[in-house]
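Structure below is coords26.txt: compact mmCIF, C-alpha atoms and all ligand atoms.
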```
# COMPACT_ATOMS: atom_id res chain seq x y z
CA MET A 116 -3.90 -14.62 14.50
CA SER A 117 -2.36 -11.60 12.75
CA GLN A 118 -4.07 -10.31 9.64
CA ARG A 119 -2.78 -11.78 6.38
CA THR A 120 -1.80 -9.51 3.50
CA ALA A 121 -3.14 -9.75 -0.06
CA VAL A 122 -1.80 -7.75 -3.00
CA VAL A 123 -4.18 -7.27 -5.94
CA THR A 124 -2.83 -5.80 -9.18
CA GLY A 125 -5.10 -3.99 -11.64
CA ALA A 126 -7.57 -3.21 -8.87
CA SER A 127 -8.83 0.10 -10.27
CA SER A 128 -11.52 -1.68 -12.29
CA GLY A 129 -13.37 -4.91 -13.04
CA ILE A 130 -12.15 -8.25 -11.68
CA GLY A 131 -9.31 -6.71 -9.66
CA ALA A 132 -11.56 -4.23 -7.84
CA ALA A 133 -14.16 -6.94 -7.15
CA SER A 134 -11.47 -9.33 -5.89
CA ALA A 135 -10.07 -6.67 -3.56
CA ARG A 136 -13.59 -6.12 -2.16
CA ALA A 137 -14.17 -9.85 -1.67
CA LEU A 138 -10.81 -10.40 0.02
CA ALA A 139 -11.27 -7.41 2.33
CA ALA A 140 -14.71 -8.74 3.29
CA ASP A 141 -13.01 -12.06 4.14
CA GLY A 142 -10.65 -10.30 6.57
CA TRP A 143 -7.53 -9.90 4.43
CA ARG A 144 -5.40 -6.77 4.75
CA VAL A 145 -5.54 -5.69 1.11
CA ILE A 146 -3.00 -3.66 -0.88
CA VAL A 147 -4.31 -2.53 -4.26
CA GLY A 148 -2.22 -1.40 -7.22
CA ALA A 149 -2.94 0.11 -10.66
CA ARG A 150 -2.05 3.21 -12.67
CA ARG A 151 -5.27 5.18 -12.03
CA VAL A 152 -4.65 6.23 -8.45
CA ASP A 153 -7.87 8.26 -8.05
CA ARG A 154 -9.94 5.13 -8.61
CA LEU A 155 -7.68 3.05 -6.40
CA GLU A 156 -7.97 5.54 -3.55
CA ALA A 157 -11.77 5.58 -3.81
CA LEU A 158 -11.83 1.77 -3.60
CA ALA A 159 -9.30 1.69 -0.76
CA GLY A 160 -11.37 4.19 1.22
CA GLU A 161 -14.47 2.07 0.71
CA ILE A 162 -12.97 -1.27 1.81
CA GLY A 163 -10.20 -0.18 4.18
CA ALA A 164 -7.37 -1.14 1.82
CA THR A 165 -4.07 0.60 1.02
CA ALA A 166 -3.73 2.11 -2.47
CA ILE A 167 -0.32 2.28 -4.13
CA GLU A 168 0.35 3.40 -7.70
CA LEU A 169 1.59 0.54 -9.86
CA ASP A 170 2.50 0.05 -13.49
CA VAL A 171 3.40 -3.61 -13.92
CA THR A 172 5.14 -2.84 -17.24
CA ASP A 173 7.65 -0.59 -15.49
CA GLN A 174 10.29 -2.27 -13.31
CA SER A 175 10.96 0.88 -11.27
CA SER A 176 7.23 1.19 -10.50
CA VAL A 177 7.10 -2.48 -9.42
CA ASP A 178 10.20 -1.96 -7.24
CA ALA A 179 8.72 1.15 -5.60
CA PHE A 180 5.40 -0.64 -5.00
CA CYS A 181 7.02 -3.69 -3.46
CA ALA A 182 9.33 -1.57 -1.29
CA ARG A 183 6.22 -0.26 0.49
CA LEU A 184 5.14 -3.80 1.54
CA ASP A 185 6.14 -5.35 4.84
CA ALA A 186 4.57 -8.74 4.06
CA CYS A 187 2.73 -10.61 1.34
CA ASP A 188 0.78 -13.84 1.83
CA LEU A 189 -1.29 -13.67 -1.36
CA LEU A 190 -0.55 -12.14 -4.75
CA VAL A 191 -3.43 -11.79 -7.20
CA ASN A 192 -1.87 -11.18 -10.61
CA ASN A 193 -4.85 -9.58 -12.33
CA ALA A 194 -3.49 -6.56 -14.24
CA GLY A 195 -3.78 -7.25 -17.94
CA GLY A 196 -5.93 -7.01 -20.99
CA ALA A 197 -6.25 -7.28 -24.75
CA PHE A 198 -5.51 -4.64 -27.36
CA GLY A 199 -7.24 -5.05 -30.73
CA SER A 200 -8.55 -8.11 -32.54
CA ALA A 201 -6.64 -8.04 -35.80
CA SER A 202 -5.87 -11.20 -37.72
CA ILE A 203 -2.31 -12.50 -37.89
CA ALA A 204 -2.09 -11.11 -41.44
CA ASP A 205 -2.95 -7.64 -40.15
CA ALA A 206 -1.24 -7.92 -36.75
CA ASP A 207 -0.10 -4.70 -35.13
CA LEU A 208 3.33 -5.40 -33.62
CA ASP A 209 2.98 -2.62 -31.06
CA GLN A 210 -0.28 -4.12 -29.76
CA TRP A 211 1.32 -7.56 -29.51
CA GLN A 212 4.25 -6.06 -27.62
CA ALA A 213 1.92 -4.18 -25.26
CA MET A 214 -0.10 -7.34 -24.54
CA TYR A 215 3.07 -9.31 -23.84
CA ASP A 216 4.40 -6.54 -21.59
CA VAL A 217 1.34 -6.19 -19.37
CA ASN A 218 0.09 -9.78 -19.23
CA VAL A 219 3.30 -11.81 -19.30
CA LEU A 220 6.14 -9.60 -18.11
CA GLY A 221 3.81 -7.79 -15.67
CA THR A 222 2.88 -11.10 -14.06
CA LEU A 223 6.53 -12.15 -14.06
CA ARG A 224 7.76 -8.87 -12.52
CA MET A 225 5.24 -8.97 -9.67
CA THR A 226 5.71 -12.68 -8.99
CA LYS A 227 9.49 -12.46 -9.01
CA ALA A 228 9.52 -9.40 -6.74
CA LEU A 229 7.12 -10.90 -4.17
CA LEU A 230 8.27 -14.53 -4.19
CA PRO A 231 10.70 -14.07 -1.26
CA ALA A 232 7.87 -12.58 0.87
CA LEU A 233 5.45 -15.29 -0.23
CA ILE A 234 7.93 -18.01 0.75
CA ALA A 235 8.71 -16.24 4.04
CA SER A 236 4.99 -16.16 4.82
CA GLY A 237 5.07 -19.93 5.31
CA ASP A 238 1.70 -20.16 3.53
CA GLY A 239 1.98 -18.03 0.42
CA GLN A 240 -0.29 -18.13 -2.59
CA VAL A 241 -0.24 -16.76 -6.14
CA ILE A 242 -3.53 -16.50 -8.03
CA THR A 243 -3.13 -15.40 -11.62
CA ILE A 244 -6.04 -14.31 -13.79
CA GLY A 245 -5.47 -15.91 -17.18
CA SER A 246 -8.31 -16.28 -19.67
CA ILE A 247 -10.17 -18.75 -21.85
CA ALA A 248 -7.74 -17.21 -24.37
CA ALA A 249 -4.98 -19.09 -22.52
CA ARG A 250 -6.70 -22.38 -23.32
CA GLU A 251 -8.19 -21.94 -26.80
CA PRO A 252 -6.99 -20.00 -29.83
CA TYR A 253 -9.64 -18.01 -31.66
CA ARG A 254 -9.98 -15.92 -34.81
CA GLY A 255 -8.68 -12.40 -34.13
CA GLY A 256 -7.25 -13.51 -30.79
CA GLY A 257 -3.64 -14.01 -31.92
CA GLY A 258 -1.78 -11.49 -29.77
CA TYR A 259 -3.96 -12.01 -26.70
CA ASN A 260 -3.91 -15.80 -27.17
CA ALA A 261 -0.13 -15.75 -27.39
CA ALA A 262 0.19 -13.59 -24.27
CA LYS A 263 -2.29 -15.56 -22.16
CA HIS A 264 -0.86 -18.91 -23.30
CA ALA A 265 2.49 -17.57 -22.09
CA VAL A 266 0.90 -16.56 -18.76
CA ALA A 267 -0.42 -20.14 -18.43
CA ALA A 268 3.04 -21.56 -19.14
CA LEU A 269 4.64 -19.21 -16.61
CA THR A 270 2.04 -20.15 -14.00
CA ARG A 271 2.49 -23.89 -14.59
CA VAL A 272 6.29 -23.60 -14.34
CA LEU A 273 5.90 -21.64 -11.11
CA ARG A 274 3.68 -24.38 -9.69
CA ILE A 275 6.35 -26.96 -10.57
CA GLU A 276 9.17 -24.85 -9.14
CA MET A 277 7.28 -24.15 -5.90
CA LEU A 278 6.85 -27.85 -5.19
CA GLY A 279 8.29 -28.33 -1.69
CA GLN A 280 8.03 -24.59 -0.96
CA PRO A 281 5.15 -23.08 1.04
CA VAL A 282 3.63 -21.30 -1.98
CA ARG A 283 0.48 -22.43 -3.75
CA VAL A 284 -0.14 -21.45 -7.35
CA CYS A 285 -3.49 -21.13 -9.14
CA GLU A 286 -4.64 -19.88 -12.52
CA ILE A 287 -8.23 -18.75 -12.97
CA ASP A 288 -9.31 -18.57 -16.62
CA PRO A 289 -12.55 -16.66 -17.18
CA GLY A 290 -14.61 -16.43 -20.33
CA MET A 291 -16.75 -13.35 -20.99
CA VAL A 292 -16.88 -10.98 -18.01
CA GLU A 293 -18.53 -7.60 -18.48
CA THR A 294 -15.92 -5.10 -17.28
CA GLU A 295 -13.94 -2.39 -19.08
CA PHE A 296 -12.03 -5.18 -20.83
CA SER A 297 -13.80 -4.86 -24.21
CA LEU A 298 -13.80 -1.06 -24.08
CA VAL A 299 -10.02 -1.20 -23.65
CA ARG A 300 -9.67 -3.88 -26.33
CA PHE A 301 -11.60 -1.79 -28.88
CA ASP A 302 -9.86 1.44 -27.93
CA GLY A 303 -12.89 3.10 -26.32
CA ASP A 304 -15.45 2.06 -28.97
CA ALA A 305 -18.50 1.50 -26.71
CA ASP A 306 -20.73 0.11 -29.50
CA LYS A 307 -18.19 -2.53 -30.45
CA ALA A 308 -17.63 -3.38 -26.78
CA ALA A 309 -21.38 -3.77 -26.19
CA GLN A 310 -21.67 -6.19 -29.14
CA VAL A 311 -19.43 -8.67 -27.30
CA TYR A 312 -22.17 -9.22 -24.71
CA GLN A 313 -25.20 -8.77 -26.97
CA GLY A 314 -27.99 -11.34 -26.52
CA LEU A 315 -26.45 -13.15 -23.57
CA THR A 316 -25.79 -12.73 -19.88
CA PRO A 317 -22.03 -12.46 -19.40
CA MET A 318 -20.39 -13.01 -16.04
CA ALA A 319 -19.87 -10.08 -13.70
CA ALA A 320 -16.54 -9.21 -12.08
CA GLU A 321 -18.02 -10.43 -8.78
CA ASP A 322 -18.43 -13.95 -10.20
CA ILE A 323 -14.67 -14.22 -10.71
CA ALA A 324 -13.92 -12.44 -7.42
CA GLU A 325 -15.92 -15.11 -5.64
CA ALA A 326 -13.61 -17.75 -7.15
CA VAL A 327 -10.54 -15.74 -6.09
CA ARG A 328 -11.92 -15.46 -2.56
CA TRP A 329 -12.69 -19.20 -2.45
CA VAL A 330 -9.30 -20.30 -3.80
CA ALA A 331 -7.55 -18.01 -1.32
CA ALA A 332 -9.55 -19.51 1.54
CA ARG A 333 -8.61 -23.16 0.87
CA PRO A 334 -6.47 -24.75 3.58
CA LYS A 335 -2.70 -24.90 3.17
CA HIS A 336 -2.65 -28.51 1.96
CA VAL A 337 -5.06 -27.82 -0.96
CA ASN A 338 -3.82 -26.28 -4.23
CA ILE A 339 -6.43 -25.37 -6.85
CA ASP A 340 -4.25 -25.63 -9.95
CA GLN A 341 -6.57 -24.21 -12.57
CA MET A 342 -10.18 -23.12 -12.96
CA THR A 343 -11.99 -22.33 -16.21
CA ILE A 344 -15.15 -20.31 -15.58
CA LEU A 345 -17.55 -19.47 -18.39
CA ALA A 346 -20.93 -17.79 -18.64
CA THR A 347 -23.62 -20.44 -19.05
CA ALA A 348 -24.31 -19.06 -22.54
CA GLN A 349 -20.67 -19.45 -23.62
CA ILE A 350 -19.27 -22.89 -24.45
CA SER A 351 -15.85 -22.00 -25.85
CA ALA A 352 -13.77 -18.98 -26.76
CA GLN A 353 -15.88 -18.20 -29.82
CA VAL A 354 -19.11 -20.16 -29.44
CA ALA A 355 -21.94 -18.60 -27.45
CA HIS A 356 -25.71 -18.83 -27.51
CA ARG A 357 -27.28 -15.42 -28.14
CA GLU A 358 -30.96 -14.58 -27.92
CA PRO A 359 -32.13 -12.44 -30.87
P1 LIG B 401 -10.59 -4.04 -16.84
O1 LIG B 401 -11.87 -3.64 -16.23
O2 LIG B 401 -10.13 -3.33 -18.08
O3 LIG B 401 -9.45 -3.99 -15.73
C1 LIG B 401 -8.07 -4.12 -16.07
C2 LIG B 401 -7.26 -3.65 -14.87
O4 LIG B 401 -5.86 -3.84 -15.18
C3 LIG B 401 -7.46 -2.18 -14.55
O5 LIG B 401 -7.58 -2.03 -13.15
C4 LIG B 401 -6.19 -1.53 -15.07
O6 LIG B 401 -5.87 -0.41 -14.24
C5 LIG B 401 -5.19 -2.64 -14.84
N1 LIG B 401 -3.98 -2.46 -15.63
C6 LIG B 401 -3.88 -2.38 -16.98
N2 LIG B 401 -2.61 -2.14 -17.32
C7 LIG B 401 -1.91 -2.06 -16.15
C8 LIG B 401 -0.54 -1.82 -15.86
N3 LIG B 401 0.37 -1.60 -16.82
N4 LIG B 401 -0.15 -1.80 -14.55
C9 LIG B 401 -1.06 -2.01 -13.57
N5 LIG B 401 -2.36 -2.24 -13.79
C10 LIG B 401 -2.77 -2.26 -15.09
O7 LIG B 401 -10.64 -5.59 -17.26
P2 LIG B 401 -10.90 -6.94 -16.40
O8 LIG B 401 -11.83 -7.74 -17.20
O9 LIG B 401 -11.19 -6.65 -15.00
O10 LIG B 401 -9.46 -7.61 -16.55
C11 LIG B 401 -8.74 -8.15 -15.46
C12 LIG B 401 -7.97 -9.38 -15.93
O11 LIG B 401 -8.90 -10.38 -16.36
C13 LIG B 401 -7.04 -9.14 -17.11
O12 LIG B 401 -5.85 -9.87 -16.90
C14 LIG B 401 -7.81 -9.71 -18.30
O13 LIG B 401 -6.97 -10.10 -19.32
C15 LIG B 401 -8.50 -10.88 -17.62
N6 LIG B 401 -9.69 -11.41 -18.29
C16 LIG B 401 -10.78 -10.65 -18.54
C17 LIG B 401 -11.88 -11.21 -19.18
C18 LIG B 401 -13.13 -10.41 -19.50
O14 LIG B 401 -13.95 -10.88 -20.32
N7 LIG B 401 -13.35 -9.27 -18.90
C19 LIG B 401 -11.88 -12.55 -19.53
C20 LIG B 401 -10.75 -13.31 -19.25
C21 LIG B 401 -9.68 -12.74 -18.62
P3 LIG B 401 -5.18 0.95 -14.72
O15 LIG B 401 -5.62 1.19 -16.14
O16 LIG B 401 -5.68 1.95 -13.72
O17 LIG B 401 -3.71 0.71 -14.58
```

Is it possible to express this structure as structure tokens?
Amino acid sequence: MSQRTAVVTGASSGIGAASARALAADGWRVIVGARRVDRLEALAGEIGATAIELDVTDQSSVDAFCARLDACDLLVNNAGGAFGSASIADADLDQWQAMYDVNVLGTLRMTKALLPALIASGDGQVITIGSIAAREPYRGGGGYNAAKHAVAALTRVLRIEMLGQPVRVCEIDPGMVETEFSLVRFDGDADKAAQVYQGLTPMAAEDIAEAVRWVAARPKHVNIDQMTILATAQISAQVAHREP
């Protein structure tokens, strides 16, 4: 059987990099995309993947990325993140716009561009990394909640519209995963980022990558619609048990 092709967006760090590693180990031909090409190339060299620069907020970048592909059987929409944690009263419109651009329109751009290849594959699959923020609103989560709720809506509509087509659609919604996510959210403030995980054991990127690998390996007649995965110490978006 010829090797199947997986595209992983946002693979220069965290969940995307771990997912690319897990898929490569499972025998997928992996294409990784992100803006930081030096990191991508290091990962690609390590796992035998192909690195291509990608900014999912830029249509011309998405077009150039997709033009380099000769096939796509699996798209992992992982690129995304949160910017800030201001209340609605203090919301920064630019941060909201940026979160909508990367999480929602980025997922839309990639999905739309690769849907013809996914259908042509005869057994295509889209796995989108949402968040617990897509399921539960929380204080200070407004812009990220709005963006990830929109990602969930997009993913659900895609699942409905792919009924009868050979494309499976899954959303994986993680809780706390220790990656660069909080560092990005708090604009490089390492102390603030560390506080997010203080007193508990968060998940690692590999924990979510294992779910991506497993979902991707289900047989063609099985669609995992949605998975919520939390650290044992976290029960909801804002409630966690922390040791002193
Ligand atoms: P991360 O370590 O900050 O990784 C984010 C990745 O997204 C990086 O590889 C980054 O690469 C890429 N990215 C950001 N903007 C991009 C753009 N415009 N175009 C292409 N790639 C872009 O964080 P992570 O935790 O692995 O996050 C991965 C996904 O999981 C995100 O969708 C996030 O919202 C979601 N998530 C994370 C958590 C958590 O607690 N960590 C929980 C739930 C959901 P470049 O900067 O090189 O482009």

Neighbours of ligand LIG 401 (chain B) at 8 Å or closer, counting all atoms listed in the file: which residues, as a PDB file with C-alpha atoms, keeping the file's coordinate frame?
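Below is the file that was written, selection.pdb:
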```
ATOM      1  CA  THR A 124      -2.830  -5.800  -9.180  1.00  0.00           C
ATOM      2  CA  GLY A 125      -5.100  -3.990 -11.640  1.00  0.00           C
ATOM      3  CA  ALA A 126      -7.570  -3.210  -8.870  1.00  0.00           C
ATOM      4  CA  SER A 127      -8.830   0.100 -10.270  1.00  0.00           C
ATOM      5  CA  SER A 128     -11.520  -1.680 -12.290  1.00  0.00           C
ATOM      6  CA  GLY A 129     -13.370  -4.910 -13.040  1.00  0.00           C
ATOM      7  CA  ILE A 130     -12.150  -8.250 -11.680  1.00  0.00           C
ATOM      8  CA  GLY A 131      -9.310  -6.710  -9.660  1.00  0.00           C
ATOM      9  CA  ALA A 132     -11.560  -4.230  -7.840  1.00  0.00           C
ATOM     10  CA  GLY A 148      -2.220  -1.400  -7.220  1.00  0.00           C
ATOM     11  CA  ALA A 149      -2.940   0.110 -10.660  1.00  0.00           C
ATOM     12  CA  ARG A 150      -2.050   3.210 -12.670  1.00  0.00           C
ATOM     13  CA  ARG A 151      -5.270   5.180 -12.030  1.00  0.00           C
ATOM     14  CA  VAL A 152      -4.650   6.230  -8.450  1.00  0.00           C
ATOM     15  CA  ARG A 154      -9.940   5.130  -8.610  1.00  0.00           C
ATOM     16  CA  LEU A 155      -7.680   3.050  -6.400  1.00  0.00           C
ATOM     17  CA  LEU A 169       1.590   0.540  -9.860  1.00  0.00           C
ATOM     18  CA  ASP A 170       2.500   0.050 -13.490  1.00  0.00           C
ATOM     19  CA  VAL A 171       3.400  -3.610 -13.920  1.00  0.00           C
ATOM     20  CA  THR A 172       5.140  -2.840 -17.240  1.00  0.00           C
ATOM     21  CA  ASP A 173       7.650  -0.590 -15.490  1.00  0.00           C
ATOM     22  CA  ASN A 192      -1.870 -11.180 -10.610  1.00  0.00           C
ATOM     23  CA  ASN A 193      -4.850  -9.580 -12.330  1.00  0.00           C
ATOM     24  CA  ALA A 194      -3.490  -6.560 -14.240  1.00  0.00           C
ATOM     25  CA  GLY A 195      -3.780  -7.250 -17.940  1.00  0.00           C
ATOM     26  CA  GLY A 196      -5.930  -7.010 -20.990  1.00  0.00           C
ATOM     27  CA  ALA A 197      -6.250  -7.280 -24.750  1.00  0.00           C
ATOM     28  CA  ASP A 216       4.400  -6.540 -21.590  1.00  0.00           C
ATOM     29  CA  VAL A 217       1.340  -6.190 -19.370  1.00  0.00           C
ATOM     30  CA  ASN A 218       0.090  -9.780 -19.230  1.00  0.00           C
ATOM     31  CA  GLY A 221       3.810  -7.790 -15.670  1.00  0.00           C
ATOM     32  CA  ILE A 244      -6.040 -14.310 -13.790  1.00  0.00           C
ATOM     33  CA  GLY A 245      -5.470 -15.910 -17.180  1.00  0.00           C
ATOM     34  CA  SER A 246      -8.310 -16.280 -19.670  1.00  0.00           C
ATOM     35  CA  ILE A 247     -10.170 -18.750 -21.850  1.00  0.00           C
ATOM     36  CA  ALA A 248      -7.740 -17.210 -24.370  1.00  0.00           C
ATOM     37  CA  LYS A 263      -2.290 -15.560 -22.160  1.00  0.00           C
ATOM     38  CA  ASP A 288      -9.310 -18.570 -16.620  1.00  0.00           C
ATOM     39  CA  PRO A 289     -12.550 -16.660 -17.180  1.00  0.00           C
ATOM     40  CA  GLY A 290     -14.610 -16.430 -20.330  1.00  0.00           C
ATOM     41  CA  MET A 291     -16.750 -13.350 -20.990  1.00  0.00           C
ATOM     42  CA  VAL A 292     -16.880 -10.980 -18.010  1.00  0.00           C
ATOM     43  CA  GLU A 293     -18.530  -7.600 -18.480  1.00  0.00           C
ATOM     44  CA  THR A 294     -15.920  -5.100 -17.280  1.00  0.00           C
ATOM     45  CA  GLU A 295     -13.940  -2.390 -19.080  1.00  0.00           C
ATOM     46  CA  PHE A 296     -12.030  -5.180 -20.830  1.00  0.00           C
ATOM     47  CA  SER A 297     -13.800  -4.860 -24.210  1.00  0.00           C
ATOM     48  CA  LEU A 298     -13.800  -1.060 -24.080  1.00  0.00           C
ATOM     49  CA  VAL A 299     -10.020  -1.200 -23.650  1.00  0.00           C
ATOM     50  CA  ALA A 320     -16.540  -9.210 -12.080  1.00  0.00           C
TER      51      ALA A 320
END
```

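Within the 10 Å cut-off around region 348-353 of chain A, using only C-alpha atoms and omitting residues fewer than 4 positions from it on the same chain, the listed residues are Ser246, Ile247, Ala248, Ala249, Arg250, Glu251, Pro252, Tyr253, Arg254, Gly256, Pro289, Gly290, Met291, Gly314, Leu315, Thr316, Pro317, Met318, Ile344, Arg357 and Glu358 of chain A.
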
Set up a box along x, y and z of the file covering all listed atoms of region 155-171 of chain A, add 3 Å on every one of the six sides, and write the centre and edge lengths in Å to one decimal, as AutoDock Vina command-line options.
```
--center_x -5.5 --center_y 1.0 --center_z -4.9 --size_x 23.9 --size_y 15.2 --size_z 24.1
```

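Taking CA of Val191 (chain A) and CA of Val327 (chain A) as endpoints, the distance between them is 8.2 Å.
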
Contacts between region 227-231 of chain A and region 237-300 of chain A, please, where a residue of region 237-300 of chain A counts if it comes within 12 Å (with all atoms listed in the file); show its shortest atom pair and distance in Å to one decimal, rows by chain and ascending number, as CSV.
```
residue,atom,partner,partner_atom,distance
A:Gly237,CA,A:Pro231,CA,10.4
A:Asp238,CA,A:Leu230,CA,11.6
A:Gly239,CA,A:Leu230,CA,8.5
A:Gln240,CA,A:Leu230,CA,9.4
A:Val241,CA,A:Leu230,CA,9.0
A:Leu269,CA,A:Lys227,CA,11.3
A:Thr270,CA,A:Lys227,CA,11.8
A:Leu273,CA,A:Lys227,CA,10.1
A:Glu276,CA,A:Leu230,CA,11.5
A:Met277,CA,A:Leu230,CA,9.8
A:Gln280,CA,A:Leu230,CA,10.6
A:Pro281,CA,A:Leu230,CA,10.5
A:Val282,CA,A:Leu230,CA,8.5
A:Arg283,CA,A:Leu230,CA,11.1
A:Val284,CA,A:Leu230,CA,11.3
```

With all atoms listed in the file as the counted atoms, please give the residues lying no more than 12 Å from Gln118 (chain A), apart from itself and same-chain residues fewer than 2 positions off, as a list in words. Met116, Thr120, Ala121, Leu138, Ala139, Asp141, Gly142, Trp143, Arg144, Val145, Ala186, Cys187, Asp188, Leu189 and Ser236 of chain A

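Interatomic distance, CA of Cys181 (chain A) against CA of Val272 (chain A): 22.7 Å.
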
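Once Gly199 (chain A) and its same-chain neighbours fewer than 5 positions away are set aside, Asp205, Ala206, Asp207, Leu208, Asp209, Gln210, Trp211, Gln212, Ala213, Met214, Arg254, Gly255, Gly256, Gly257, Gly258, Tyr259, Asn260, Phe296, Ser297, Leu298, Val299, Arg300, Phe301, Asp302, Gly303, Asp304, Lys307 and Ala308 of chain A remain within 12 Å of it when counting only C-alpha atoms.
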
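CA of Leu345 (chain A) to CA of Arg136 (chain A) spans 21.4 Å [interatomic distance, one decimal].
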
Determine the nearest neighbour of Ala235 (chain A) from the options A:Asp185, A:Thr222, A:Val147, A:Phe198, counting all atoms listed in the file. A:Asp185

Using all atoms listed in the file, find the one residue out of A:Ala182, A:Leu220, A:Ala157, A:Leu278 that sits nearest to Ala232 (chain A). A:Ala182

From A:Gln341, A:Ser117, A:Ser176, A:Gln310, residue lying nearest Ala268 (chain A) [all atoms listed in the file]: A:Gln341

From the options A:Ala309, A:Ala265, A:Val219, A:Leu190, which residue's atoms come nearest to Ile234 (chain A), counting all atoms listed in the file? A:Leu190

Counting only C-alpha atoms, which of A:Ile275, A:Ala331, A:Ile323, A:Ala355 gets nearest to Val311 (chain A)? A:Ala355

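The shortest atom-to-atom distance to Met342 (chain A), with all atoms listed in the file taken into account, belongs to A:Ile242 out of A:Val122, A:Ala262, A:Ala305, A:Ile242.
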